[in-house]
Amino acid sequence: MKTSDQTLNEILDLAATHFKVPRENLRPDDDFFKTLKIDSLQALDLLTRLEHHFNIELPDYELQGVSDFRTLASRIQARL
């Protein structure tokens with residue numbers, strides 16, 4: 001089983017690759033909407049990619065109000 005830190009690092013790596021930003025520019029507590037300069041549709045695309053990567057399904061109600069990488073990682077970690 002992955003640790004929380006491993007899950008968080010994978011999310012940051014995937015986000016950096018997907019949105020073509022330097023990985024070192026992303027921090028765990030960053031608001032991904034602001035840091036990545038994305039809208040809700042792009043965030044949904046990222047979430048879909050994360051679901052496929054981790055082979056999980058995240059219900060919408062678990063993601064309401066989530067906008068930072070650390071919280072997103074904890075929600076994903078809970079499903080692993």
# chains A, B, ... in the order shown; residues from 1 in each chain; ligands from 1

$ residues_around --residues "A:Gln6" --least-positions-apart "5" --cutoff "10 Å" --atoms "only C-alpha atoms" --output "ChimeraX atom specification"
/A:1,11-12,73,77

$ closest_residue --among "A:Leu50, A:Arg79, A:Asp31, A:Ile38" --to "A:Val66" --atoms "only C-alpha atoms"
A:Asp31

$ residues_around --residues "A:Glu51" --least-positions-apart "3" --cutoff "12 Å" --atoms "only C-alpha atoms" --output "JSON list (two decimals) with C-alpha atoms, in the first residue's frame"
[["chain", "number", "residue", "atom", "x", "y", "z"],
["A", 11, "ILE", "CA", -0.52, 13.64, -7.69],
["A", 14, "LEU", "CA", 0.82, 13.99, -12.63],
["A", 44, "LEU", "CA", -12.41, 17.64, -13.58],
["A", 45, "ASP", "CA", -10.10, 16.40, -16.33],
["A", 46, "LEU", "CA", -7.26, 16.14, -13.80],
["A", 47, "LEU", "CA", -9.50, 14.25, -11.36],
["A", 48, "THR", "CA", -10.51, 11.80, -14.09],
["A", 54, "PHE", "CA", -4.95, 5.18, -8.93],
["A", 55, "ASN", "CA", -7.73, 2.87, -10.20],
["A", 56, "ILE", "CA", -10.33, 4.38, -7.86],
["A", 57, "GLU", "CA", -13.58, 6.30, -8.08],
["A", 58, "LEU", "CA", -14.02, 9.53, -6.15],
["A", 59, "PRO", "CA", -17.63, 10.48, -5.43],
["A", 72, "LEU", "CA", -6.98, 15.74, -2.55],
["A", 73, "ALA", "CA", -4.25, 13.23, -1.69],
["A", 75, "ARG", "CA", -9.25, 11.70, -0.18],
["A", 76, "ILE", "CA", -7.49, 9.49, -2.72],
["A", 77, "GLN", "CA", -5.47, 7.73, -0.02],
["A", 79, "ARG", "CA", -9.86, 4.99, -1.35],
["A", 80, "LEU", "CA", -6.70, 2.96, -1.90]]

$ residues_around --residues "A:Ala43" --least-positions-apart "5" --cutoff "12 Å" --atoms "only C-alpha atoms" --output "VMD selection string"
chain A and resid 15 18 to 19 31 to 38 48 to 50 63 66 to 69 72

$ write_last_selection --atoms "N, CA and C atoms" --output "PDB file, in the first residue's frame"
ATOM      1  N   ALA A  15       0.011  16.196 -12.023  1.00  0.00           N
ATOM      2  CA  ALA A  15      -0.495  17.546 -12.299  1.00  0.00           C
ATOM      3  C   ALA A  15       0.536  18.357 -13.069  1.00  0.00           C
ATOM      4  N   HIS A  18       0.657  16.924 -16.646  1.00  0.00           N
ATOM      5  CA  HIS A  18      -0.584  17.185 -17.386  1.00  0.00           C
ATOM      6  C   HIS A  18      -0.722  18.659 -17.790  1.00  0.00           C
ATOM      7  N   PHE A  19      -0.359  19.558 -16.879  1.00  0.00           N
ATOM      8  CA  PHE A  19      -0.522  20.984 -17.161  1.00  0.00           C
ATOM      9  C   PHE A  19       0.786  21.663 -17.567  1.00  0.00           C
ATOM     10  N   ASP A  31      -3.328  25.836  -3.666  1.00  0.00           N
ATOM     11  CA  ASP A  31      -4.650  25.760  -4.281  1.00  0.00           C
ATOM     12  C   ASP A  31      -4.409  25.442  -5.753  1.00  0.00           C
ATOM     13  N   PHE A  32      -4.841  24.269  -6.192  1.00  0.00           N
ATOM     14  CA  PHE A  32      -4.498  23.877  -7.558  1.00  0.00           C
ATOM     15  C   PHE A  32      -5.184  24.727  -8.616  1.00  0.00           C
ATOM     16  N   PHE A  33      -6.325  25.327  -8.298  1.00  0.00           N
ATOM     17  CA  PHE A  33      -6.968  26.218  -9.270  1.00  0.00           C
ATOM     18  C   PHE A  33      -6.073  27.434  -9.538  1.00  0.00           C
ATOM     19  N   LYS A  34      -5.540  28.002  -8.465  1.00  0.00           N
ATOM     20  CA  LYS A  34      -4.709  29.205  -8.605  1.00  0.00           C
ATOM     21  C   LYS A  34      -3.313  28.879  -9.127  1.00  0.00           C
ATOM     22  N   THR A  35      -2.685  27.855  -8.563  1.00  0.00           N
ATOM     23  CA  THR A  35      -1.315  27.513  -8.941  1.00  0.00           C
ATOM     24  C   THR A  35      -1.219  27.055 -10.390  1.00  0.00           C
ATOM     25  N   LEU A  36      -2.172  26.229 -10.807  1.00  0.00           N
ATOM     26  CA  LEU A  36      -2.159  25.709 -12.180  1.00  0.00           C
ATOM     27  C   LEU A  36      -2.893  26.624 -13.153  1.00  0.00           C
ATOM     28  N   LYS A  37      -3.593  27.638 -12.598  1.00  0.00           N
ATOM     29  CA  LYS A  37      -4.390  28.557 -13.413  1.00  0.00           C
ATOM     30  C   LYS A  37      -5.395  27.783 -14.283  1.00  0.00           C
ATOM     31  N   ILE A  38      -6.185  26.939 -13.586  1.00  0.00           N
ATOM     32  CA  ILE A  38      -7.163  26.110 -14.283  1.00  0.00           C
ATOM     33  C   ILE A  38      -8.573  26.453 -13.826  1.00  0.00           C
ATOM     34  N   THR A  48     -10.255  13.016 -13.296  1.00  0.00           N
ATOM     35  CA  THR A  48     -10.506  11.803 -14.085  1.00  0.00           C
ATOM     36  C   THR A  48      -9.202  11.054 -14.319  1.00  0.00           C
ATOM     37  N   ARG A  49      -8.152  11.793 -14.650  1.00  0.00           N
ATOM     38  CA  ARG A  49      -6.838  11.166 -14.858  1.00  0.00           C
ATOM     39  C   ARG A  49      -6.321  10.534 -13.561  1.00  0.00           C
ATOM     40  N   LEU A  50      -6.535  11.209 -12.453  1.00  0.00           N
ATOM     41  CA  LEU A  50      -6.102  10.665 -11.163  1.00  0.00           C
ATOM     42  C   LEU A  50      -6.876   9.405 -10.804  1.00  0.00           C
ATOM     43  N   LEU A  63     -15.358  15.459  -2.913  1.00  0.00           N
ATOM     44  CA  LEU A  63     -14.458  16.448  -3.505  1.00  0.00           C
ATOM     45  C   LEU A  63     -14.956  17.874  -3.369  1.00  0.00           C
ATOM     46  N   VAL A  66     -12.707  20.816  -2.046  1.00  0.00           N
ATOM     47  CA  VAL A  66     -11.295  20.439  -2.103  1.00  0.00           C
ATOM     48  C   VAL A  66     -10.616  21.263  -3.195  1.00  0.00           C
ATOM     49  N   SER A  67      -9.561  21.983  -2.809  1.00  0.00           N
ATOM     50  CA  SER A  67      -8.847  22.772  -3.815  1.00  0.00           C
ATOM     51  C   SER A  67      -7.333  22.740  -3.620  1.00  0.00           C
ATOM     52  N   ASP A  68      -6.865  21.958  -2.626  1.00  0.00           N
ATOM     53  CA  ASP A  68      -5.414  21.867  -2.454  1.00  0.00           C
ATOM     54  C   ASP A  68      -4.969  20.413  -2.632  1.00  0.00           C
ATOM     55  N   PHE A  69      -3.727  20.266  -3.024  1.00  0.00           N
ATOM     56  CA  PHE A  69      -3.193  18.940  -3.341  1.00  0.00           C
ATOM     57  C   PHE A  69      -3.174  18.002  -2.138  1.00  0.00           C
ATOM     58  N   LEU A  72      -6.664  16.660  -1.464  1.00  0.00           N
ATOM     59  CA  LEU A  72      -6.984  15.737  -2.550  1.00  0.00           C
ATOM     60  C   LEU A  72      -6.271  14.404  -2.337  1.00  0.00           C
TER      61      LEU A  72
END

$ closest_residue --among "A:Arg70, A:Gln42, A:Asp60, A:Ala78" --to "A:Leu26" --atoms "only C-alpha atoms"
A:Arg70

$ atom_distance --atom1 "atom CA of A:Glu24" --atom2 "atom CA of A:Leu8"
13.5 Å

$ select_by_dssp --residues "stretch 2-75 of chain A" --states "helix (DSSP H, G or I)" --output "ChimeraX atom specification"
/A:4-18,23-25,32-36,40-54,60-63,69-75
